[in-house]
Structures are given as C-alpha cells and as structure tokens.
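File shown: input13.tsv (TSV, C-alpha atoms).
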chain	number	residue	atom	x	y	z
A	613	MET	CA	-81.56	29.91	66.29
A	614	ILE	CA	-79.01	27.95	68.35
A	615	ARG	CA	-75.27	28.08	67.83
A	616	PHE	CA	-73.82	24.60	68.42
A	617	ILE	CA	-70.13	23.78	68.69
A	618	ALA	CA	-68.27	20.53	69.28
A	619	VAL	CA	-64.73	19.47	70.09
A	620	GLY	CA	-62.93	16.15	70.36
A	621	ASP	CA	-61.17	14.43	73.23
A	622	VAL	CA	-60.77	16.17	76.58
A	623	GLY	CA	-58.80	14.61	79.44
A	624	PRO	CA	-56.88	16.85	81.86
A	625	GLU	CA	-54.06	15.65	84.10
A	626	ARG	CA	-53.12	19.04	85.59
A	627	LEU	CA	-54.56	20.48	88.79
A	628	ASP	CA	-55.30	23.88	87.22
A	629	VAL	CA	-57.76	22.58	84.62
A	630	ASP	CA	-58.96	26.10	83.71
A	631	SER	CA	-55.53	26.90	82.26
A	632	LEU	CA	-55.98	24.15	79.68
A	633	PHE	CA	-58.79	26.18	78.05
A	634	GLU	CA	-57.34	29.68	78.47
A	635	ASN	CA	-56.95	30.25	74.71
A	636	VAL	CA	-60.33	28.87	73.63
A	637	ALA	CA	-62.80	29.46	76.48
A	638	ASP	CA	-64.16	32.74	75.10
A	639	HIS	CA	-65.02	31.03	71.83
A	640	ILE	CA	-66.68	28.08	73.56
A	641	ARG	CA	-68.70	30.27	75.92
A	642	ALA	CA	-70.09	32.19	72.92
A	643	ALA	CA	-72.06	29.09	71.86
A	644	ASP	CA	-75.53	28.20	73.11
A	645	VAL	CA	-74.71	24.48	73.23
A	646	ALA	CA	-71.12	23.21	73.47
A	647	PHE	CA	-70.17	19.51	73.25
A	648	MET	CA	-66.98	17.71	74.32
A	649	GLN	CA	-65.86	14.07	74.42
A	650	LEU	CA	-64.65	13.18	77.90
A	651	GLU	CA	-61.71	10.73	78.04
A	652	MET	CA	-60.79	10.93	81.72
A	653	THR	CA	-62.50	9.47	84.78
A	654	LEU	CA	-63.41	12.13	87.34
A	655	THR	CA	-62.98	10.27	90.61
A	656	GLU	CA	-60.84	9.67	93.66
A	657	ARG	CA	-62.31	6.21	94.22
A	658	GLY	CA	-62.33	2.84	92.51
A	659	SER	CA	-59.63	0.46	91.31
A	660	ARG	CA	-58.14	0.20	87.86
A	661	VAL	CA	-59.76	-2.67	85.97
A	662	PRO	CA	-57.48	-5.27	84.35
A	663	GLN	CA	-58.85	-4.99	80.81
A	664	THR	CA	-57.81	-1.35	80.28
A	665	LYS	CA	-54.52	-0.61	78.44
A	666	HIS	CA	-53.77	2.92	79.60
A	667	THR	CA	-55.71	4.99	82.04
A	668	SER	CA	-55.51	7.89	84.40
A	669	ARG	CA	-57.98	9.89	86.43
A	670	THR	CA	-58.46	13.40	87.73
A	671	HIS	CA	-60.36	15.14	90.50
A	672	PRO	CA	-64.16	15.49	90.10
A	673	ASP	CA	-63.70	19.28	90.40
A	674	ALA	CA	-62.47	19.20	86.80
A	675	ALA	CA	-66.13	19.09	85.73
A	676	ALA	CA	-66.66	22.60	87.10
A	677	ALA	CA	-63.70	23.80	85.03
A	678	PHE	CA	-65.29	22.29	81.91
A	679	ARG	CA	-68.44	24.24	82.66
A	680	ARG	CA	-66.49	27.46	83.26
A	681	ALA	CA	-64.88	26.93	79.86
A	682	GLY	CA	-68.38	26.92	78.36
A	683	PHE	CA	-69.20	23.25	77.81
A	684	THR	CA	-72.83	22.23	78.33
A	685	HIS	CA	-72.79	18.57	77.20
A	686	ALA	CA	-70.19	15.81	77.45
A	687	SER	CA	-70.20	12.33	75.96
A	688	TRP	CA	-69.03	9.77	78.49
A	689	ALA	CA	-69.52	6.97	75.95
A	690	SER	CA	-65.82	6.16	75.89
A	691	ASN	CA	-63.45	3.20	75.99
A	692	HIS	CA	-62.15	4.75	79.24
A	693	SER	CA	-65.50	5.07	80.99
A	694	LEU	CA	-65.14	1.99	83.23
A	695	ASP	CA	-61.36	2.16	83.68
A	696	TRP	CA	-61.81	2.72	87.42
A	697	GLY	CA	-64.79	0.43	87.83
A	698	ALA	CA	-68.40	1.28	88.48
A	699	GLU	CA	-67.46	3.63	91.32
A	700	GLY	CA	-65.30	5.79	89.09
A	701	PHE	CA	-67.84	5.65	86.28
A	702	LEU	CA	-70.72	6.84	88.45
A	703	ASP	CA	-68.56	9.45	90.19
A	704	THR	CA	-67.90	10.93	86.75
A	705	VAL	CA	-71.59	11.03	85.84
A	706	ASP	CA	-72.38	12.66	89.18
A	707	ALA	CA	-69.56	15.22	88.82
A	708	LEU	CA	-70.85	16.28	85.41
A	709	ASP	CA	-74.39	16.57	86.74
A	710	ARG	CA	-73.28	18.71	89.69
A	711	ALA	CA	-71.35	21.03	87.38
A	712	GLY	CA	-74.38	21.57	85.13
A	713	ILE	CA	-73.00	19.51	82.24
A	714	VAL	CA	-75.35	16.97	80.67
A	715	PRO	CA	-73.70	13.51	80.37
A	716	LEU	CA	-74.44	11.65	77.14
A	717	GLY	CA	-74.31	7.97	76.25
A	718	ALA	CA	-73.74	6.69	79.79
A	719	GLY	CA	-75.91	5.67	82.70
A	720	ARG	CA	-76.68	3.33	85.57
A	721	ASN	CA	-78.36	0.96	83.11
A	722	ILE	CA	-78.92	0.65	79.37
A	723	ALA	CA	-82.12	2.72	79.43
A	724	GLN	CA	-80.28	5.67	80.98
A	725	ALA	CA	-77.30	5.25	78.63
A	726	ARG	CA	-79.60	5.44	75.61
A	727	GLN	CA	-81.65	8.33	76.97
A	728	VAL	CA	-82.37	11.10	74.47
A	729	ARG	CA	-81.14	14.38	75.93
A	730	ILE	CA	-83.15	17.42	74.83
A	731	VAL	CA	-81.97	21.01	75.14
A	732	GLU	CA	-84.29	23.87	74.25
A	733	THR	CA	-83.16	27.44	73.86
A	734	ASN	CA	-84.20	30.38	71.68
A	735	GLY	CA	-87.32	28.41	70.76
A	736	VAL	CA	-85.29	25.59	69.14
A	737	ARG	CA	-85.02	22.00	70.41
A	738	ILE	CA	-81.89	19.87	69.88
A	739	ALA	CA	-81.76	16.16	70.72
A	740	LEU	CA	-78.36	14.64	71.53
A	741	LEU	CA	-77.30	10.99	71.68
A	742	ALA	CA	-73.94	9.27	72.13
A	743	TYR	CA	-72.62	5.76	71.42
A	744	CYS	CA	-69.36	3.86	71.73
A	745	SER	CA	-67.83	1.23	69.44
A	746	ILE	CA	-64.45	1.00	71.17
A	747	LEU	CA	-65.44	-1.29	74.01
A	748	PRO	CA	-63.30	-3.26	76.44
A	749	GLU	CA	-65.12	-6.23	77.92
A	750	ALA	CA	-68.16	-5.31	80.06
A	751	TYR	CA	-67.96	-1.54	79.42
A	752	TRP	CA	-71.40	-1.47	77.81
A	753	ALA	CA	-74.52	-0.97	79.91
A	754	THR	CA	-77.12	-3.67	80.41
A	755	VAL	CA	-80.47	-3.81	82.17
A	756	GLU	CA	-78.66	-4.40	85.46
A	757	ARG	CA	-75.16	-2.96	84.88
A	758	PRO	CA	-73.89	0.63	84.48
A	759	GLY	CA	-71.97	1.48	81.36
A	760	VAL	CA	-72.17	3.15	77.98
A	761	ALA	CA	-74.58	2.97	75.05
A	762	PRO	CA	-72.93	0.37	72.81
A	763	LEU	CA	-72.52	0.34	69.06
A	764	ARG	CA	-70.35	-2.75	68.91
A	765	ALA	CA	-68.70	-3.92	65.70
A	766	PHE	CA	-67.38	-7.23	64.39
A	767	THR	CA	-64.26	-7.89	62.32
A	768	VAL	CA	-64.03	-10.56	59.61
A	769	HIS	CA	-60.78	-11.49	57.85
A	770	GLU	CA	-61.16	-12.67	54.26
A	771	PRO	CA	-58.16	-14.42	52.65
A	772	ILE	CA	-57.35	-12.91	49.27
A	773	GLU	CA	-56.02	-16.31	48.11
A	774	PRO	CA	-57.77	-18.94	50.26
A	775	ASP	CA	-55.62	-21.72	48.80
A	776	GLN	CA	-52.36	-19.93	49.77
A	777	PRO	CA	-51.87	-20.04	53.57
A	778	GLY	CA	-50.06	-17.04	55.02
A	779	THR	CA	-50.90	-14.63	52.21
A	780	PRO	CA	-52.55	-11.22	52.87
A	781	HIS	CA	-56.20	-10.84	53.74
A	782	ARG	CA	-58.94	-8.26	53.45
A	783	MET	CA	-60.52	-6.90	56.62
A	784	HIS	CA	-64.25	-6.23	56.82
A	785	THR	CA	-66.14	-4.73	59.76
A	786	PHE	CA	-69.85	-4.40	60.35
A	787	PRO	CA	-72.02	-3.17	63.22
A	788	HIS	CA	-73.66	-5.43	65.78
A	789	PRO	CA	-77.19	-5.77	64.33
A	790	GLY	CA	-78.96	-5.31	67.66
A	791	ASP	CA	-76.90	-2.27	68.63
A	792	LEU	CA	-77.41	-0.71	65.21
A	793	ALA	CA	-81.18	-1.27	65.40
A	794	ALA	CA	-81.29	0.26	68.89
A	795	MET	CA	-79.36	3.33	67.72
A	796	VAL	CA	-81.70	3.76	64.74
A	797	ASP	CA	-84.73	3.50	67.06
A	798	ASP	CA	-83.21	6.10	69.40
A	799	VAL	CA	-82.56	8.54	66.56
A	800	ALA	CA	-86.08	8.08	65.17
A	801	ARG	CA	-87.53	8.67	68.66
A	802	ALA	CA	-85.37	11.78	69.06
A	803	ARG	CA	-86.48	13.02	65.65
A	804	ASP	CA	-90.07	13.13	66.92
A	805	GLN	CA	-89.05	15.29	69.89
A	806	ALA	CA	-86.72	17.89	68.41
A	807	ASP	CA	-85.97	20.21	65.51
A	808	ALA	CA	-82.51	18.67	65.05
A	809	VAL	CA	-80.76	15.46	66.14
A	810	ILE	CA	-77.01	15.32	66.75
A	811	VAL	CA	-75.31	11.94	67.24
A	812	SER	CA	-71.90	11.39	68.82
A	813	MET	CA	-69.91	8.27	67.85
A	814	HIS	CA	-66.79	7.05	69.68
A	815	TRP	CA	-65.44	4.84	66.90
A	816	GLY	CA	-62.83	4.25	64.25
A	817	ILE	CA	-59.17	3.27	63.82
A	818	HIS	CA	-56.80	5.16	66.07
A	819	PHE	CA	-53.66	6.97	64.90
A	820	SER	CA	-53.94	5.78	61.28
A	821	TYR	CA	-54.14	8.55	58.68
A	822	SER	CA	-57.42	8.71	56.71
A	823	GLU	CA	-58.36	5.04	57.20
A	824	LEU	CA	-62.03	4.44	58.00
A	825	ALA	CA	-63.57	1.16	59.12
A	826	ASP	CA	-66.50	-0.22	57.11
A	827	TYR	CA	-68.81	-0.12	60.11
A	828	GLN	CA	-68.33	3.65	60.51
A	829	ARG	CA	-69.87	4.39	57.14
A	830	ILE	CA	-72.69	1.90	57.73
A	831	ALA	CA	-73.54	3.34	61.15
A	832	GLY	CA	-73.10	6.97	60.13
A	833	HIS	CA	-75.39	6.58	57.13
A	834	ALA	CA	-77.93	4.66	59.22
A	835	ALA	CA	-78.05	7.48	61.78
A	836	ILE	CA	-78.73	10.06	59.09
A	837	ASP	CA	-81.26	7.82	57.33
A	838	ALA	CA	-83.09	7.57	60.68
A	839	GLY	CA	-83.24	11.35	61.09
A	840	ALA	CA	-79.89	12.62	62.41
A	841	ASP	CA	-78.78	16.03	61.14
A	842	LEU	CA	-75.12	15.79	62.18
A	843	VAL	CA	-72.74	13.00	63.23
A	844	ILE	CA	-69.62	13.86	65.23
A	845	GLY	CA	-66.97	11.18	65.68
A	846	HIS	CA	-63.91	10.83	67.88
A	847	HIS	CA	-61.48	8.30	69.43
A	848	ALA	CA	-58.81	8.20	66.70
A	849	HIS	CA	-56.73	10.98	68.38
A	850	ILE	CA	-56.11	12.47	64.94
A	851	LEU	CA	-58.39	14.23	62.49
A	852	LYS	CA	-60.15	12.03	59.93
A	853	GLY	CA	-62.09	12.86	56.80
A	854	ILE	CA	-65.41	14.68	56.69
A	855	GLU	CA	-68.24	13.09	54.72
A	856	MET	CA	-71.37	14.66	53.26
A	857	TYR	CA	-74.21	12.15	53.07
A	858	ARG	CA	-77.66	13.22	51.91
A	859	GLY	CA	-76.59	16.80	52.57
A	860	LYS	CA	-75.63	16.04	56.21
A	861	ALA	CA	-72.11	16.15	57.61
A	862	ILE	CA	-70.33	13.20	59.23
A	863	PHE	CA	-67.14	14.21	61.03
A	864	HIS	CA	-65.36	10.86	61.29
A	865	SER	CA	-62.94	12.18	63.92
A	866	LEU	CA	-62.56	15.57	65.57
A	867	GLY	CA	-59.17	14.49	66.89
A	868	ASN	CA	-57.78	15.60	70.22
A	869	PHE	CA	-58.66	18.89	71.84
A	870	ALA	CA	-57.51	19.27	75.45
A	871	ILE	CA	-56.13	15.91	76.49
A	872	GLU	CA	-52.91	15.40	78.40
A	873	LEU	CA	-50.51	12.48	78.38
A	874	PRO	CA	-47.38	13.23	80.41
A	875	MET	CA	-44.36	11.07	79.65
A	876	ASP	CA	-41.36	9.74	81.54
A	877	GLU	CA	-38.73	7.19	80.57
A	878	GLU	CA	-40.56	4.32	82.26
A	879	HIS	CA	-43.82	4.97	80.43
A	880	ALA	CA	-42.03	5.50	77.12
A	881	SER	CA	-40.43	2.05	77.39
A	882	ARG	CA	-43.64	0.10	78.04
A	883	PRO	CA	-44.45	-2.46	75.31
A	884	SER	CA	-48.04	-1.17	75.03
A	885	PHE	CA	-46.83	2.38	74.32
A	886	ARG	CA	-44.12	1.16	71.91
A	887	HIS	CA	-46.88	-0.61	69.98
A	888	LEU	CA	-48.85	2.64	69.69
A	889	LEU	CA	-45.74	4.39	68.37
A	890	SER	CA	-45.53	1.82	65.58
A	891	LEU	CA	-49.00	2.79	64.31
A	892	HIS	CA	-47.90	6.26	63.24
A	893	PRO	CA	-44.48	6.74	61.57
A	894	GLY	CA	-42.46	9.64	62.94
A	895	TRP	CA	-44.04	9.53	66.40
A	896	GLU	CA	-41.52	9.64	69.23
A	897	PRO	CA	-42.16	10.28	72.94
A	898	ASP	CA	-41.65	13.81	74.25
A	899	ILE	CA	-40.12	13.28	77.69
A	900	GLY	CA	-41.30	16.11	79.93
A	901	GLY	CA	-44.07	17.15	77.54
A	902	MET	CA	-47.77	16.91	78.37
A	903	PHE	CA	-48.96	15.93	74.89
A	904	ASN	CA	-47.55	12.56	73.88
A	905	PHE	CA	-49.46	11.86	70.71
A	906	PRO	CA	-48.39	11.69	67.04
A	907	PRO	CA	-47.30	14.95	65.37
A	908	ASP	CA	-50.52	14.93	63.33
A	909	SER	CA	-52.50	15.06	66.58
A	910	ARG	CA	-51.45	18.69	67.06
A	911	LYS	CA	-53.99	19.55	64.36
A	912	SER	CA	-57.53	19.94	65.66
A	913	ILE	CA	-60.80	21.76	64.99
A	914	ILE	CA	-63.85	23.23	66.65
A	915	VAL	CA	-67.03	22.32	64.76
A	916	ASP	CA	-69.50	25.19	64.55
A	917	CYS	CA	-73.01	25.18	63.09
A	918	ASP	CA	-76.39	26.88	63.29
A	919	VAL	CA	-79.55	25.04	64.34
A	920	ASP	CA	-83.10	26.25	63.81
A	921	ALA	CA	-86.53	24.76	63.21
A	922	ALA	CA	-85.34	23.48	59.82
A	923	GLY	CA	-82.39	21.58	61.30
A	924	VAL	CA	-78.62	22.05	61.13
A	925	SER	CA	-77.15	24.55	58.67
A	926	ARG	CA	-73.92	26.44	57.91
A	927	VAL	CA	-71.70	23.59	59.05
A	928	ARG	CA	-68.16	24.87	59.49
A	929	PHE	CA	-65.05	24.56	61.62
A	930	ARG	CA	-62.27	26.63	63.10
A	931	PRO	CA	-58.73	25.21	62.79
A	932	VAL	CA	-56.92	24.67	66.10
A	933	TRP	CA	-53.33	23.87	67.06
A	934	ILE	CA	-52.30	22.01	70.24
A	935	ASP	CA	-48.92	22.79	71.81
A	936	ARG	CA	-46.58	20.35	73.59
A	937	MET	CA	-48.20	21.22	76.90
A	938	ALA	CA	-51.61	20.12	75.48
A	939	VAL	CA	-53.09	23.64	75.31
A	940	PRO	CA	-55.32	24.24	72.23
A	941	THR	CA	-55.28	27.59	70.41
A	942	LEU	CA	-57.50	28.89	67.62
A	943	LEU	CA	-55.54	29.67	64.46
A	944	ALA	CA	-55.80	32.89	62.48
A	945	PRO	CA	-56.06	32.60	58.68
A	946	SER	CA	-52.68	34.36	58.38
A	947	ASP	CA	-51.00	31.59	60.40
A	948	PRO	CA	-49.49	28.98	58.01
A	949	ARG	CA	-50.80	26.25	60.32
A	950	PHE	CA	-54.37	27.30	59.47
A	951	ALA	CA	-53.90	26.12	55.87
A	952	GLU	CA	-52.01	23.07	57.15
A	953	VAL	CA	-55.06	21.92	59.12
A	954	VAL	CA	-57.41	22.56	56.20
A	955	ASP	CA	-55.13	20.77	53.73
A	956	TYR	CA	-54.77	17.83	56.12
A	957	LEU	CA	-58.54	17.41	56.36
A	958	ARG	CA	-58.93	17.80	52.63
A	959	GLY	CA	-56.29	15.15	52.03
A	960	ALA	CA	-57.75	12.75	54.60
A	961	SER	CA	-61.21	13.16	53.07
A	962	ASP	CA	-59.94	12.59	49.53
A	963	ALA	CA	-57.87	9.56	50.57
A	964	ALA	CA	-60.98	8.00	52.13
A	965	GLY	CA	-63.04	8.66	48.99
A	966	LEU	CA	-65.34	11.16	50.68
A	967	THR	CA	-67.10	13.72	48.48
A	968	THR	CA	-66.61	16.92	50.42
A	969	SER	CA	-65.47	20.44	49.65
A	970	PHE	CA	-63.99	23.03	52.01
A	971	VAL	CA	-64.65	26.74	51.52
A	972	VAL	CA	-62.56	29.17	53.56
A	973	GLU	CA	-64.34	32.37	54.58
A	974	GLY	CA	-62.23	34.47	56.93
A	975	ASP	CA	-61.37	32.40	59.99
A	976	GLN	CA	-64.04	29.76	59.27
A	977	VAL	CA	-64.01	26.77	56.93
A	978	PHE	CA	-67.41	25.72	55.56
A	979	VAL	CA	-68.12	22.07	54.79
A	980	VAL	CA	-70.21	21.54	51.65
A	981	PRO	CA	-70.95	18.70	49.21
A	982	ALA	CA	-68.38	18.37	46.44
Written form, structure tokens:
Amino acid sequence: MIRFIAVGDVGPERLDVDSLFENVADHIRAADVAFMQLEMTLTERGSRVPQTKHTSRTHPDAAAAFRRAGFTHASWASNHSLDWGAEGFLDTVDALDRAGIVPLGAGRNIAQARQVRIVETNGVRIALLAYCSILPEAYWATVERPGVAPLRAFTVHEPIEPDQPGTPHRMHTFPHPGDLAAMVDDVARARDQADAVIVSMHWGIHFSYSELADYQRIAGHAAIDAGADLVIGHHAHILKGIEMYRGKAIFHSLGNFAIELPMDEEHASRPSFRHLLSLHPGWEPDIGGMFNFPPDSRKSIIVDCDVDAAGVSRVRFRPVWIDRMAVPTLLAPSDPRFAEVVDYLRGASDAAGLTTSFVVEGDQVFVVPA
C-alpha cells in the first residue's frame, strides 16, 4: 500500500524556505508520495513577460527545501509557469529535477508536458498527470515550444432576454475539444500502466465562494470516466467543494497551502490588486503581512488517501490553518477552527450542488458519497 497526500498552492518569498513548513513537514514526510502545486518560478534569470498580472520568483534552492519538507511531486502546470519566460520556466523544471522532485504537467515540448509520470513503491504503481486551464497567451506547450499541458476552456455569454439589450446574461464554459480528448487519451494510457491514476487540474474561478465553472465538472467527470481514481484541483486560492462521482473524489480546489504575498502601500494601491479585492467581500490588504489573500484563504487542507492494487481508498483530509505570515499548521479536533474548516467545505459543497458527506474520525475527515 502507498500513502498519498496532496496540498494546494506553494510559493515562497522568504529566504529561509524550510521555516515555511516547520509545522507540517513531519506529516508530509510520513507519506510515500506527496504532491504540491508550485506557483512560484525558481530562477534568477529571465525577464517578466508582459501578459502576466502578478508575479514573483525565488531562488532555485527552494526546490531542495520542498524536498526536505517531504514533497516528491510538484505540478508546474500553472498560470505562473512562463511568467519569467522560457529561461525561468526551464530553470524551475531543472531545479525540481535536481532536488529529486518529479515535475508534472510541464516540459520542453507538448510531449514532455503530457508525459505520464509513474512512481512505484511497496509493490504499487501510481500514475500522475497535471493540466492547466488558467492560461495566459502562449503558456501552453506545443511541438516546438516549452510550456504546460493545456486544458483550455471557452466562455459563451447567453442573453437571458435577447430582445432586451443590456439585461443580464448566463455564462457557459466548456473545455477545448482537442485538449479534452488529449487529456482523456493520457488518462487511458496511464490506466494501462498503473494501479491508480491521479490527475491534477489547475482550474476554476478564483476567490469566489463555492462557484464552479461548467468546464470543471465536464473535465473532472471525463478524467474519471477515462480511468482516473482521484482528481485534485487548485488555483482558486480558497477551498471549493468536494464532489463524489462514480465513487471517486474530485477536490475542486485545495486552496492555498504555503504561498506568500507580502504587501506594501504601493502594491495595495495597484488597480489590478484592487480588482482582486472586489472579488471577495471583506478582503483588505494586510500591510506588513506575508499572506495577502481573502480571510477564507486561511482555511486549507491536506488530502490523504491509501493506494493499493485496487486503486485509491479511504479518501480523507486534515484541516489546516494558515497564519498571517503564510505558515500552515495542522489543526487538532479540539481547536474550534477544525470544525470551521469542515463546515466551510460542507457549505461550499452543498452550495455547488455536490453530493458529498464528511465523516470526522479523530483528526481526520473522511470524504464519502452522500
């Protein structure tokens, strides 16, 4: 049996990256396979590209700190992957490789970005894949260009009253047919090579409580129909609902985990940041703090499950709280914030119409069909 864990967004700004994981590293290192979503370019080279909204970077040595914290795999299929150009992108891939962390969903061309990554331990084989739907122009890989494995999506606006200009509309989203077909082919190919397939999706609507885009459900269901045993989503920077589909779990967003966003008066006044504040009522900048995200973003989880020859089982999570200096801490059941995280996920799942139940057993919360 393999113990697999997963966390959401990781992006350190500090020099002492190990200190960011001081309260959770023992738990992460206890897993056989540990996944994280990388949101920060690991480079000292490159130039910031014009199409990125906000970006930062950190030293490539951060990858070694991720490995010391226990992480074995990192998705680099992110809307920040090409923020510092191809040089920064490839430096990040190389830094992960040198540290002994397997990069997912990214490569020097589309074939590498879509490569099925197999890990075998304790006689069990897990296949991992990663995709990105949040894509600035030219961030996706092609035959000749480095980038990420794309799962692009389209948006269509339907007027509710077509004969009444200016009235509200409905919004529909759907996956790019070619990208969806490629993802399905990858999962089916991975299914033939492993006992379990785990798919990472960088997708969804950021900062908005419970709201899921149409394309997420389409793509998540398609992955499971093709043979995936677990889908883990991220990008929204807050927790989103958990869905059970055909007995398999889809975590629509794991939220933040160990990501820093320092703030000063100049940054807080930028129009782009003021727009983000408008997406989540009650969010105000914390000048001097290292975690400038909505209050709901303090709530996080570590996904934990068992994997054997029959697939993924005993899907559960541990509630986590992130402090104003961006340090995550596991919550004890006696801590009132433990129930706050569970209730938040239950509410987000219900609001999205997802049929999921949560069963608390000690310090773990099991995810089961309703």
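Among the candidates A:Asp955, A:Glu651, A:Asp916, A:Asp630, the residue lying nearest to A:Ile844 is A:Asp916 (atoms considered: all atoms listed in the file).
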If we count all atoms listed in the file, what is near A:Pro672 at a cut-off of 8 Å, once residues fewer than 4 positions away on the same chain are taken out, given as an mmCIF file with C-alpha atoms, in the frame of the given file?
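Result file follows (selection22.cif):
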data_model
loop_
_atom_site.group_PDB
_atom_site.id
_atom_site.type_symbol
_atom_site.label_atom_id
_atom_site.label_comp_id
_atom_site.auth_asym_id
_atom_site.auth_seq_id
_atom_site.Cartn_x
_atom_site.Cartn_y
_atom_site.Cartn_z
ATOM 1 C CA LEU A 654 -63.410 12.130 87.340
ATOM 2 C CA THR A 655 -62.980 10.270 90.610
ATOM 3 C CA GLU A 656 -60.840 9.670 93.660
ATOM 4 C CA ASP A 703 -68.560 9.450 90.190
ATOM 5 C CA THR A 704 -67.900 10.930 86.750
ATOM 6 C CA ALA A 707 -69.560 15.220 88.820
#
Report as a PyMOL selection string all protein, DNA and RNA residues lying within 12 Å of A:Ala944, evaluated on all atoms listed in the file, omitting residues in the same chain fewer than 6 positions from it.
chain A and resi 930-933+950-953+972-977
Write a file of the just-selected residues containing C-alpha atoms, as a compact mmCIF listing (two decimals), in the frame of the given file.
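Contents of out-v4.txt, freshly written:
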# COMPACT_ATOMS: atom_id res chain seq x y z
CA ARG A 930 -62.27 26.63 63.10
CA PRO A 931 -58.73 25.21 62.79
CA VAL A 932 -56.92 24.67 66.10
CA TRP A 933 -53.33 23.87 67.06
CA PHE A 950 -54.37 27.30 59.47
CA ALA A 951 -53.90 26.12 55.87
CA GLU A 952 -52.01 23.07 57.15
CA VAL A 953 -55.06 21.92 59.12
CA VAL A 972 -62.56 29.17 53.56
CA GLU A 973 -64.34 32.37 54.58
CA GLY A 974 -62.23 34.47 56.93
CA ASP A 975 -61.37 32.40 59.99
CA GLN A 976 -64.04 29.76 59.27
CA VAL A 977 -64.01 26.77 56.93
Give me the box for stretch 717-727 of chain A as AutoDock Vina command-line options, namely the centre and edge lengths in Å to one decimal of a box along x, y and z that holds every listed atom plus 4 Å on each side.
--center_x -77.9 --center_y 4.5 --center_z 80.6 --size_x 16.4 --size_y 15.7 --size_z 18.0
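Across the structure, atom CA of A:Met795 and atom CA of A:Ser687 are spaced 15.3 Å apart.
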Could you list, as a list in words, every residue within 10 Å of stretch 753-757 of chain A, counting only C-alpha atoms and ignoring same-chain residues fewer than 3 positions away?
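Surrounding residues, per the criterion: Ala698, Gly717, Ala718, Gly719, Arg720, Asn721, Ile722, Ala723, Gln724, Ala725, Arg726, Ala750, Val760, Ala761 and Pro762 of chain A.
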Suppose we keep C-alpha atoms; can you now write the selection as a short mmCIF file (atom, residue, chain, number, x, y, z; two decimals), keeping the file's coordinate frame?
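Below is the file result.cif, written as the result:
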data_model
loop_
_atom_site.label_atom_id
_atom_site.label_comp_id
_atom_site.auth_asym_id
_atom_site.auth_seq_id
_atom_site.Cartn_x
_atom_site.Cartn_y
_atom_site.Cartn_z
CA ALA A 698 -68.40 1.28 88.48
CA GLY A 717 -74.31 7.97 76.25
CA ALA A 718 -73.74 6.69 79.79
CA GLY A 719 -75.91 5.67 82.70
CA ARG A 720 -76.68 3.33 85.57
CA ASN A 721 -78.36 0.96 83.11
CA ILE A 722 -78.92 0.65 79.37
CA ALA A 723 -82.12 2.72 79.43
CA GLN A 724 -80.28 5.67 80.98
CA ALA A 725 -77.30 5.25 78.63
CA ARG A 726 -79.60 5.44 75.61
CA ALA A 750 -68.16 -5.31 80.06
CA VAL A 760 -72.17 3.15 77.98
CA ALA A 761 -74.58 2.97 75.05
CA PRO A 762 -72.93 0.37 72.81
#
Which residues of stretch 766-828 of chain A come within 12 Å of stretch 834-837 of chain A, and what is each one's closest atom pair and distance in Å (one decimal), counting only C-alpha atoms, sorted by chain and residue number, as CSV?
residue,atom,partner,partner_atom,distance
A:Pro787,CA,A:Ala834,CA,10.6
A:Pro789,CA,A:Ala834,CA,11.6
A:Asp791,CA,A:Ala834,CA,11.7
A:Leu792,CA,A:Ala834,CA,8.1
A:Ala793,CA,A:Ala834,CA,9.2
A:Ala794,CA,A:Ala835,CA,10.6
A:Met795,CA,A:Ala835,CA,7.4
A:Val796,CA,A:Ala835,CA,6.0
A:Asp797,CA,A:Ala835,CA,9.4
A:Asp798,CA,A:Ala835,CA,9.3
A:Val799,CA,A:Ala835,CA,6.7
A:Ala800,CA,A:Ala835,CA,8.7
A:Arg801,CA,A:Ala835,CA,11.8
A:Ala802,CA,A:Ala835,CA,11.2
A:Arg803,CA,A:Ile836,CA,10.6
A:Ala808,CA,A:Ile836,CA,11.1
A:Val809,CA,A:Ile836,CA,9.1
A:Ile810,CA,A:Ala835,CA,9.3
A:Val811,CA,A:Ala835,CA,7.6
A:Ser812,CA,A:Ala835,CA,10.1
A:Met813,CA,A:Ala835,CA,10.2
A:Tyr827,CA,A:Ala834,CA,10.3
A:Gln828,CA,A:Ala834,CA,9.7
